[in-house]
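Okay, structure first, notes after.
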Amino acid sequence: DAGVHASGQVITFDFAWNHSPADLQRALNAHLPKDISLMSIKPTNADFHPRFDALARHYVYRIYCSPIRDPLRERYTWRVWPSLNIERLRAASQHLLGIHDFAAFGSPHKPGGSTIREIHTISWKKEKDEYFFEVQGNAFLYHMVRHIVQLLVAIGQGMEEIDTIKQYLLNPEDTPVPGLAPAQGLTLKKVVYKKTKNEL
């Protein structure tokens, strides 16, 4: 998804290397552009797949509320105005927990794929004028988190009712969620795998 960030992206590759993983990390980082960095390198099994072996993905979306643009925050945060009511955001978000058909919020990565997903945890945190939306689920549809955030912001601003999310979940094939939150506010924070029960 162009414009989305990642601080916990996991990749794999086969590579003949006769030195330590730390040496490989330094060598690759020396040639990567400044906006990409390998934070760690670990050997793994040949059949490990970073996407299909994942148990969960954890995303964070950052928003700041201001009538005036702040150029220093524009790359990683979505500016919205009017301000948000965090209690409305939290109340609406609770409808997303559990297993639902999220067809109204995104599309599967392959044509005809399932749109059923499970949301494990969801939260909103406010620090001064910034809002942090965090969500973890077993998997996400294309644009799913950004559609969720777009609708939640409308609810937080009082432009939509709190139960609007429930209606999209109960009638997933009727109408797609309008609008899409900007990509720059979204970051893949971590990926959870079965072996360690923790993020890599």
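How things are named: the first chain in the structure tokens is A, the next is B, and so on; residues count from 1 in each chain; ligands count from 1 in the order shown.
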
Quiz prompt | Within 10 Å of region 33-47 of chain A using only C-alpha atoms, minus same-chain residues under 6 positions, as a list in words | solution =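 With the cut-off at 10 Å, the set is His5, Ala6, Ser7, Gly8, Gln9, Val10, Ile11, Thr12, Phe13, Asp14, Ser20, Pro21, Ala22, Asp23, Leu24, Gln25, Arg26, Asp53 and Leu200 of chain A.
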
Exercise. Could you give me, as a ChimeraX atom specification, each residue of chain A that DSSP assigns to strand (DSSP E) when run on this structure's backbone?
Key: /A:5-6,54-65,78-80,98-101,116-127,130-137,186-193

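Distance annotation: of A:Ala104, A:Ile86, A:Val149, A:Leu55, the residue with the minimal separation from Gly185 (chain A) is A:Val149; atom set is only C-alpha atoms.
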
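Minimum distance to Phe102 (chain A) across A:His143, A:His19, A:His31, A:His49 (counting only C-alpha atoms) occurs at A:His143.
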
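Closest to Ala56 (chain A) among A:Met144, A:Ala139, A:Val177, A:Leu169 is A:Ala139, based on only C-alpha atoms.
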
Self-check item: Test item: residues at most 8 Å from region 75-77 of chain A, only C-alpha atoms, excluding those fewer than 6 positions along its chain, as number ranges by chain
Solution: A: 61-64, 184-186

Practice problem: Can you check which residues of region 105-163 of chain A DSSP gives as alpha helix (DSSP H) on the backbone and send them as a PyMOL selection string? | Solution: chain A and resi 144-156

Would you mind exporting C-alpha atoms of the selected residues as a compact mmCIF listing (two decimals), in the first residue's frame?
```
# COMPACT_ATOMS: atom_id res chain seq x y z
CA MET A 144 -9.14 -2.12 5.59
CA VAL A 145 -7.41 -0.15 8.35
CA ARG A 146 -7.57 3.10 6.39
CA HIS A 147 -11.32 2.69 5.72
CA ILE A 148 -11.87 1.94 9.41
CA VAL A 149 -9.96 5.06 10.45
CA GLN A 150 -11.83 7.23 7.93
CA LEU A 151 -15.19 6.14 9.34
CA LEU A 152 -14.06 6.42 12.96
CA VAL A 153 -12.86 9.98 12.38
CA ALA A 154 -16.28 10.90 10.97
CA ILE A 155 -17.84 9.37 14.09
CA GLY A 156 -15.37 11.14 16.36
```

Quiz item: By how many Å are CA of Ser93 (chain A) and CA of His120 (chain A) apart?
Solution: 11.9 Å

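Interatomic distance, CA of Arg88 (chain A) to CA of Lys166 (chain A): 13.8 Å.
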
Quiz prompt | Two-atom distance - CA of Ile99 (chain A), CA of Arg51 (chain A) (Å) | solution =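 Atom-to-atom, CA of Ile99 (chain A) and CA of Arg51 (chain A) are spaced 19.9 Å apart.
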
Quiz item: Which residue gives the smallest distance to Gln136 (chain A) among A:Leu188, A:Leu72, A:Ala91, A:Ala103, with only C-alpha atoms counted?
Solution: A:Leu188

Exercise. Might you pull out every residue within 9 Å of His100 (chain A), with only C-alpha atoms counted and same-chain residues fewer than 6 positions away left off, and present them as a ChimeraX atom specification?
Key: /A:115-119,169-170

Next, the residues of the selection above should be written as a compact mmCIF listing (two decimals), in the first residue's frame with C-alpha atoms.
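Below is the file that was written, part37.txt:
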```txt
# COMPACT_ATOMS: atom_id res chain seq x y z
CA THR A 115 -13.40 -11.08 3.59
CA ILE A 116 -13.82 -12.62 7.05
CA ARG A 117 -11.27 -11.28 9.53
CA GLU A 118 -10.83 -11.32 13.31
CA ILE A 119 -9.88 -8.24 15.32
CA LEU A 169 -20.64 -5.10 9.57
CA LEU A 170 -24.21 -6.41 9.50
```

Self-check item: Residue among A:Ala183, A:Leu28, A:Val80, A:Met159 lying closest to Ile68 (chain A), counting only C-alpha atoms
Solution: A:Val80

Exercise. Check the smallest atom-to-atom distance from each of A:Pro50, A:Ala2, A:Asn171, A:Asn29 to Tyr193 (chain A) using only C-alpha atoms, then report the winner.
Key: A:Pro50
